[in-house]
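What follows is the content of input-v2.tsv (TSV, C-alpha atoms).
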chain	number	residue	atom	x	y	z
A	1	MET	CA	-24.77	27.81	118.82
A	2	LYS	CA	-25.18	25.76	115.67
A	3	PRO	CA	-22.57	26.12	112.91
A	4	ILE	CA	-23.63	28.12	109.85
A	5	ILE	CA	-22.91	26.07	106.73
A	6	GLY	CA	-22.61	27.85	103.40
A	7	ILE	CA	-23.80	25.71	100.48
A	8	THR	CA	-23.08	26.73	96.90
A	9	SER	CA	-25.95	26.65	94.42
A	10	ASN	CA	-26.35	26.17	90.70
A	11	ILE	CA	-27.74	28.76	88.30
A	12	ASP	CA	-29.94	27.81	85.37
A	13	SER	CA	-30.67	30.90	83.29
A	14	THR	CA	-32.09	33.24	85.95
A	15	VAL	CA	-32.98	30.61	88.57
A	16	HIS	CA	-30.73	29.38	91.37
A	17	THR	CA	-31.27	25.72	92.26
A	18	LEU	CA	-30.14	23.25	94.90
A	19	GLN	CA	-31.33	19.73	95.73
A	20	ASN	CA	-33.26	19.81	98.99
A	21	THR	CA	-31.26	16.82	100.25
A	22	TYR	CA	-28.32	19.16	100.98
A	23	ILE	CA	-30.53	21.22	103.28
A	24	GLN	CA	-31.88	18.11	104.96
A	25	ALA	CA	-28.41	16.64	105.49
A	26	VAL	CA	-27.04	19.82	107.07
A	27	THR	CA	-30.00	20.30	109.39
A	28	ALA	CA	-30.00	16.59	110.36
A	29	ALA	CA	-26.31	16.87	111.26
A	30	GLY	CA	-26.96	19.93	113.45
A	31	GLY	CA	-26.05	22.84	111.18
A	32	VAL	CA	-27.84	25.90	109.81
A	33	PRO	CA	-27.79	25.93	105.99
A	34	LEU	CA	-27.06	29.19	104.17
A	35	LEU	CA	-27.35	29.13	100.39
A	36	ILE	CA	-24.67	31.02	98.44
A	37	PRO	CA	-25.62	32.25	94.96
A	38	THR	CA	-23.42	32.94	91.97
A	39	GLY	CA	-22.60	36.54	91.12
A	40	VAL	CA	-21.07	37.39	94.50
A	41	GLU	CA	-17.46	36.55	93.69
A	42	ASN	CA	-16.24	39.96	94.87
A	43	ASP	CA	-17.78	39.29	98.28
A	44	ALA	CA	-16.36	35.79	98.71
A	45	GLN	CA	-13.92	36.81	101.43
A	46	GLN	CA	-16.66	38.44	103.53
A	47	ILE	CA	-18.92	35.41	103.07
A	48	THR	CA	-16.22	33.08	104.36
A	49	THR	CA	-15.87	35.15	107.53
A	50	LEU	CA	-19.61	34.68	108.16
A	51	VAL	CA	-19.87	30.91	107.69
A	52	ASP	CA	-18.39	28.18	109.88
A	53	GLY	CA	-18.14	25.62	107.09
A	54	LEU	CA	-18.58	25.34	103.33
A	55	ILE	CA	-20.22	22.64	101.23
A	56	VAL	CA	-19.42	22.87	97.52
A	57	SER	CA	-22.38	21.14	95.92
A	58	GLY	CA	-22.82	19.04	92.79
A	59	GLY	CA	-23.73	20.27	89.34
A	60	GLY	CA	-22.43	20.58	85.78
A	61	ASP	CA	-18.96	20.49	84.31
A	62	LEU	CA	-16.00	22.69	85.17
A	63	ASN	CA	-14.51	24.92	82.50
A	64	PRO	CA	-11.34	23.15	81.26
A	65	GLN	CA	-9.62	26.51	80.84
A	66	LEU	CA	-9.25	26.44	84.64
A	67	PHE	CA	-6.71	23.64	84.26
A	68	ASN	CA	-5.16	24.87	80.99
A	69	GLU	CA	-7.07	22.68	78.56
A	70	GLU	CA	-9.35	23.37	75.62
A	71	PRO	CA	-12.83	21.79	75.49
A	72	LEU	CA	-13.27	18.26	74.18
A	73	PRO	CA	-16.42	17.40	72.18
A	74	GLN	CA	-17.78	15.43	75.14
A	75	LEU	CA	-17.61	18.39	77.54
A	76	GLY	CA	-21.01	19.18	79.04
A	77	ASN	CA	-22.53	22.50	80.11
A	78	VAL	CA	-20.15	24.84	81.91
A	79	THR	CA	-21.02	27.82	84.10
A	80	PRO	CA	-17.97	30.11	84.38
A	81	GLU	CA	-19.67	32.40	86.90
A	82	ARG	CA	-20.27	29.44	89.21
A	83	ASP	CA	-16.67	28.27	88.77
A	84	GLY	CA	-15.49	31.72	89.79
A	85	ILE	CA	-17.41	32.07	93.05
A	86	GLU	CA	-16.75	28.50	94.16
A	87	LEU	CA	-13.00	28.70	93.57
A	88	GLU	CA	-12.83	32.00	95.44
A	89	LEU	CA	-14.81	30.62	98.36
A	90	VAL	CA	-12.60	27.54	98.59
A	91	ARG	CA	-9.39	29.59	98.52
A	92	HIS	CA	-10.56	31.90	101.29
A	93	MET	CA	-11.82	28.99	103.39
A	94	LEU	CA	-8.44	27.30	103.04
A	95	THR	CA	-6.70	30.47	104.22
A	96	LEU	CA	-8.99	30.57	107.28
A	97	ASP	CA	-8.65	26.79	107.72
A	98	LYS	CA	-12.41	26.38	108.01
A	99	PRO	CA	-13.97	22.99	107.12
A	100	ILE	CA	-14.82	22.24	103.49
A	101	LEU	CA	-16.82	19.33	102.13
A	102	GLY	CA	-16.80	19.01	98.33
A	103	ILE	CA	-19.53	16.83	96.83
A	104	CYS	CA	-19.38	15.47	93.25
A	105	ARG	CA	-18.63	18.64	91.23
A	106	GLY	CA	-17.47	20.18	94.52
A	107	HIS	CA	-14.91	17.37	94.86
A	108	GLN	CA	-13.58	18.41	91.44
A	109	VAL	CA	-13.63	22.10	92.38
A	110	LEU	CA	-11.44	21.32	95.40
A	111	ASN	CA	-8.87	19.58	93.23
A	112	VAL	CA	-8.75	22.45	90.72
A	113	ALA	CA	-8.51	25.02	93.54
A	114	PHE	CA	-5.33	23.30	94.72
A	115	GLY	CA	-3.93	23.33	91.17
A	116	GLY	CA	-5.03	19.87	90.03
A	117	THR	CA	-6.53	18.71	86.74
A	118	LEU	CA	-9.60	16.77	85.61
A	119	TYR	CA	-10.61	14.29	82.97
A	120	GLN	CA	-13.12	16.23	80.93
A	121	ASP	CA	-14.86	12.98	80.00
A	122	ILE	CA	-13.74	9.70	81.54
A	123	ASN	CA	-15.61	7.61	78.98
A	124	SER	CA	-13.51	8.91	76.08
A	125	GLN	CA	-10.27	9.61	77.97
A	126	SER	CA	-9.84	6.55	80.16
A	127	THR	CA	-7.54	3.78	78.94
A	128	ASN	CA	-9.13	1.26	81.35
A	129	PRO	CA	-12.57	-0.38	81.17
A	130	LEU	CA	-14.91	1.69	83.30
A	131	LEU	CA	-17.83	1.10	85.61
A	132	GLN	CA	-21.06	2.98	85.03
A	133	HIS	CA	-20.33	6.33	86.70
A	134	ASP	CA	-23.54	8.04	85.60
A	135	GLN	CA	-26.06	5.65	87.04
A	136	LYS	CA	-29.58	5.30	85.68
A	137	ALA	CA	-31.01	4.30	89.06
A	138	LYS	CA	-32.48	6.64	91.67
A	139	ARG	CA	-30.17	9.00	93.54
A	140	GLU	CA	-30.41	7.02	96.74
A	141	HIS	CA	-29.29	3.79	95.03
A	142	GLN	CA	-25.76	2.61	95.84
A	143	SER	CA	-24.39	1.53	92.47
A	144	HIS	CA	-20.68	0.73	92.98
A	145	ALA	CA	-17.99	0.30	95.60
A	146	VAL	CA	-15.27	2.70	96.76
A	147	HIS	CA	-12.12	1.24	98.27
A	148	ILE	CA	-10.84	3.38	101.15
A	149	GLU	CA	-7.13	3.97	101.80
A	150	LYS	CA	-6.02	2.88	105.26
A	151	GLY	CA	-4.80	5.58	107.64
A	152	THR	CA	-6.84	8.36	106.06
A	153	LEU	CA	-9.43	10.62	107.67
A	154	LEU	CA	-12.07	9.02	105.47
A	155	ALA	CA	-11.08	5.58	106.75
A	156	SER	CA	-11.53	6.75	110.34
A	157	ILE	CA	-14.95	8.21	109.48
A	158	THR	CA	-16.28	5.26	107.51
A	159	ALA	CA	-14.64	2.59	109.72
A	160	SER	CA	-14.48	0.42	106.62
A	161	GLU	CA	-12.14	-0.53	103.77
A	162	LYS	CA	-14.99	-0.57	101.26
A	163	ILE	CA	-18.23	1.38	101.03
A	164	MET	CA	-21.06	1.48	98.50
A	165	VAL	CA	-21.90	4.81	96.84
A	166	ASN	CA	-24.12	6.38	94.19
A	167	SER	CA	-22.61	7.92	91.05
A	168	PHE	CA	-23.58	10.80	88.75
A	169	HIS	CA	-20.56	12.15	86.88
A	170	HIS	CA	-18.53	11.92	83.69
A	171	GLN	CA	-15.69	14.22	84.74
A	172	ALA	CA	-13.19	13.01	87.33
A	173	LEU	CA	-9.92	13.90	89.03
A	174	LYS	CA	-6.74	13.31	87.04
A	175	ASP	CA	-3.66	14.91	88.65
A	176	VAL	CA	-4.05	15.40	92.42
A	177	PRO	CA	-1.61	17.99	93.83
A	178	SER	CA	-0.12	18.19	97.31
A	179	PRO	CA	-1.28	18.62	100.03
A	180	LEU	CA	-4.31	16.66	98.78
A	181	ILE	CA	-4.08	12.89	99.01
A	182	VAL	CA	-6.29	10.26	97.45
A	183	SER	CA	-8.35	8.52	100.12
A	184	GLY	CA	-10.62	6.36	97.98
A	185	LYS	CA	-10.92	4.87	94.50
A	186	ALA	CA	-13.45	2.87	92.53
A	187	SER	CA	-12.36	-0.58	91.34
A	188	ASP	CA	-11.70	0.85	87.86
A	189	GLY	CA	-9.18	3.36	89.28
A	190	ILE	CA	-11.38	6.47	89.20
A	191	ILE	CA	-10.53	8.73	92.15
A	192	GLU	CA	-13.58	8.91	94.40
A	193	SER	CA	-12.29	10.86	97.40
A	194	VAL	CA	-9.48	13.19	98.45
A	195	GLU	CA	-8.52	14.99	101.64
A	196	SER	CA	-5.91	17.42	102.94
A	197	PRO	CA	-3.91	16.28	105.98
A	198	GLU	CA	-2.62	19.85	106.33
A	199	HIS	CA	-6.05	21.34	107.07
A	200	HIS	CA	-8.54	20.86	109.88
A	201	PHE	CA	-11.15	19.25	107.59
A	202	VAL	CA	-10.94	19.34	103.80
A	203	VAL	CA	-12.63	16.37	102.16
A	204	GLY	CA	-13.93	15.81	98.65
A	205	VAL	CA	-16.14	12.90	97.60
A	206	GLN	CA	-17.23	12.10	94.07
A	207	TRP	CA	-20.57	10.65	95.16
A	208	HIS	CA	-23.64	12.22	96.78
A	209	PRO	CA	-23.78	11.29	100.50
A	210	GLU	CA	-26.59	13.79	101.11
A	211	ALA	CA	-28.85	11.74	98.81
A	212	LEU	CA	-27.87	8.47	100.48
A	213	MET	CA	-28.92	9.86	103.85
A	214	GLU	CA	-32.53	9.58	102.67
A	215	LYS	CA	-32.10	5.80	103.06
A	216	ASP	CA	-30.49	6.19	106.50
A	217	ASP	CA	-27.05	5.25	105.13
A	218	GLN	CA	-24.85	5.14	108.23
A	219	VAL	CA	-21.60	5.95	106.40
A	220	SER	CA	-23.11	9.13	104.96
A	221	MET	CA	-24.45	10.09	108.37
A	222	ARG	CA	-21.00	9.61	109.91
A	223	LEU	CA	-19.44	11.75	107.17
A	224	PHE	CA	-21.81	14.67	107.81
A	225	SER	CA	-21.45	14.23	111.57
A	226	ALA	CA	-17.64	14.34	111.32
A	227	TYR	CA	-17.85	17.43	109.12
A	228	MET	CA	-20.18	19.18	111.58
A	229	LYS	CA	-17.94	18.21	114.50
A	230	ALA	CA	-15.00	19.84	112.68
A	231	CYS	CA	-17.08	23.00	112.18
A	232	LEU	CA	-17.90	23.11	115.89
A	233	GLU	CA	-14.23	22.64	116.75
A	234	ARG	CA	-13.24	25.55	114.49
A	235	MET	CA	-15.96	27.72	116.05
A	236	GLY	CA	-14.28	27.10	119.38
A	237	ALA	CA	-10.88	28.02	117.98
A	238	VAL	CA	-11.90	31.46	116.70
A	239	GLU	CA	-13.95	34.28	118.10
A	240	TYR	CA	-17.52	33.55	117.14
A	241	HIS	CA	-19.20	36.13	114.91
Write-out of the structure in structure tokens:
Amino acid sequence: MKPIIGITSNIDSTVHTLQNTYIQAVTAAGGVPLLIPTGVENDAQQITTLVDGLIVSGGGDLNPQLFNEEPLPQLGNVTPERDGIELELVRHMLTLDKPILGICRGHQVLNVAFGGTLYQDINSQSTNPLLQHDQKAKREHQSHAVHIEKGTLLASITASEKIMVNSFHHQALKDVPSPLIVSGKASDGIIESVESPEHHFVVGVQWHPEALMEKDDQVSMRLFSAYMKACLERMGAVEYH
């Protein structure tokens, strides 16, 4: 049986939205996508028993109150109800040790779920000269490099010390708590990927690999394939629902 992959969605007023590239990436990798709306925080534990893996998708900013900060003027739109369901889902998935892939905002959600912090706005908070992290090119354009840490899960997946990625963010990881480790950085020092060696598969990436798959990017395909393989392995380790 194919793994069921829960994918979180964004809410804009009364409409839930999700880029179709997430659906395409999951189905191409051999999974069955299941969209998870906001407003079901109280049912997060039951949802995590139903899915075999979780993808925390991209979107707007996280509420800085989640990491004990007040909002800076450069903070963008926040959606507290989305923060709530995603953090609950991640925490329950970690307890069950089911695979999690955090993408862009989802990468940041992972860090906060573990107790980490974020830069609310890298452009005003960084002390180093920055690359363009909110690219003006199309989503499938690879705009800057990420340098991969040797010996990490991401290094084994990408089989490379440097990959090219797209970039659509102005928030970024600041303090990364254990058991998360940094597995990739941009040349300006911005953290681009993290993973947990203590879990079966917990990976966060700041870029959008699902969009890069539209151009047949092999690294992105290997990332989704490795994630799906981990989901299949976990399905074999527990009684299938």
For Ile100 (chain A), the nearest of the candidates A:Arg222, A:His141, A:Arg234, A:His147, counting all atoms listed in the file: A:Arg234
Nearest candidate to Leu131 (chain A) (options A:Ser187, A:Thr158, A:Thr117, A:Ser193; using only C-alpha atoms):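 So, comparing all the options, the nearest one is A:Ser187.
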Once you count all atoms listed in the file, what closest atom pair and distance in Å to one decimal does each residue of region 51-71 of chain A within 12 Å of region 13-17 of chain A have, with rows by chain and rising residue number, as CSV?
residue,atom,partner,partner_atom,distance
A:Ser57,CA,A:Thr17,CA,10.6
A:Gly58,CA,A:Thr17,CA,10.8
A:Gly59,CA,A:Thr17,CA,9.8
Just the selected residues (C-alpha atoms), exported as a JSON list (two decimals), in the frame of the given file, please.
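See part20.json below for the written result:
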[["chain", "number", "residue", "atom", "x", "y", "z"],
["A", 57, "SER", "CA", -22.38, 21.14, 95.92],
["A", 58, "GLY", "CA", -22.82, 19.04, 92.79],
["A", 59, "GLY", "CA", -23.73, 20.27, 89.34]]
Distance query region 163-176 of chain A at most 9 Å, only C-alpha atoms, self and fewer than 3 positions along chain excluded, as a PyMOL selection string: chain A and resi 60-62+75-76+104-105+107-108+111-112+114-123+132-148+158+160+179-182+190-192+194+206-209+211-212+219
Residue neighbourhood Ile47 (chain A), 12 Å, only C-alpha atoms, exclusion window fewer than 4 positions, as a ChimeraX atom specification: /A:4-8,34-37,40-43,51-54,85-86,88-90,92-93,96,241
Can those selected residues be exported to a file as a PDB file, in the coordinates of the input so that it contains C-alpha atoms?
ATOM      1  CA  ILE A   4     -23.630  28.120 109.850  1.00  0.00           C
ATOM      2  CA  ILE A   5     -22.910  26.070 106.730  1.00  0.00           C
ATOM      3  CA  GLY A   6     -22.610  27.850 103.400  1.00  0.00           C
ATOM      4  CA  ILE A   7     -23.800  25.710 100.480  1.00  0.00           C
ATOM      5  CA  THR A   8     -23.080  26.730  96.900  1.00  0.00           C
ATOM      6  CA  LEU A  34     -27.060  29.190 104.170  1.00  0.00           C
ATOM      7  CA  LEU A  35     -27.350  29.130 100.390  1.00  0.00           C
ATOM      8  CA  ILE A  36     -24.670  31.020  98.440  1.00  0.00           C
ATOM      9  CA  PRO A  37     -25.620  32.250  94.960  1.00  0.00           C
ATOM     10  CA  VAL A  40     -21.070  37.390  94.500  1.00  0.00           C
ATOM     11  CA  GLU A  41     -17.460  36.550  93.690  1.00  0.00           C
ATOM     12  CA  ASN A  42     -16.240  39.960  94.870  1.00  0.00           C
ATOM     13  CA  ASP A  43     -17.780  39.290  98.280  1.00  0.00           C
ATOM     14  CA  VAL A  51     -19.870  30.910 107.690  1.00  0.00           C
ATOM     15  CA  ASP A  52     -18.390  28.180 109.880  1.00  0.00           C
ATOM     16  CA  GLY A  53     -18.140  25.620 107.090  1.00  0.00           C
ATOM     17  CA  LEU A  54     -18.580  25.340 103.330  1.00  0.00           C
ATOM     18  CA  ILE A  85     -17.410  32.070  93.050  1.00  0.00           C
ATOM     19  CA  GLU A  86     -16.750  28.500  94.160  1.00  0.00           C
ATOM     20  CA  GLU A  88     -12.830  32.000  95.440  1.00  0.00           C
ATOM     21  CA  LEU A  89     -14.810  30.620  98.360  1.00  0.00           C
ATOM     22  CA  VAL A  90     -12.600  27.540  98.590  1.00  0.00           C
ATOM     23  CA  HIS A  92     -10.560  31.900 101.290  1.00  0.00           C
ATOM     24  CA  MET A  93     -11.820  28.990 103.390  1.00  0.00           C
ATOM     25  CA  LEU A  96      -8.990  30.570 107.280  1.00  0.00           C
ATOM     26  CA  HIS A 241     -19.200  36.130 114.910  1.00  0.00           C
TER      27      HIS A 241
END
Between CA of Thr48 (chain A) and CA of Arg91 (chain A), distance in Å (one decimal):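 Between CA of Thr48 (chain A) and CA of Arg91 (chain A) the gap works out to 9.6 Å.
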Within 12 Å of file point (-32.4, 20.3, 102.6), counting only C-alpha atoms, expressed as a VMD selection string: chain A and resid 5 7 17 to 29 31 to 35 210 to 211 213 to 214
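Rounded to one decimal, CA of Pro71 (chain A) and CA of Glu195 (chain A) lie 27.4 Å from each other.
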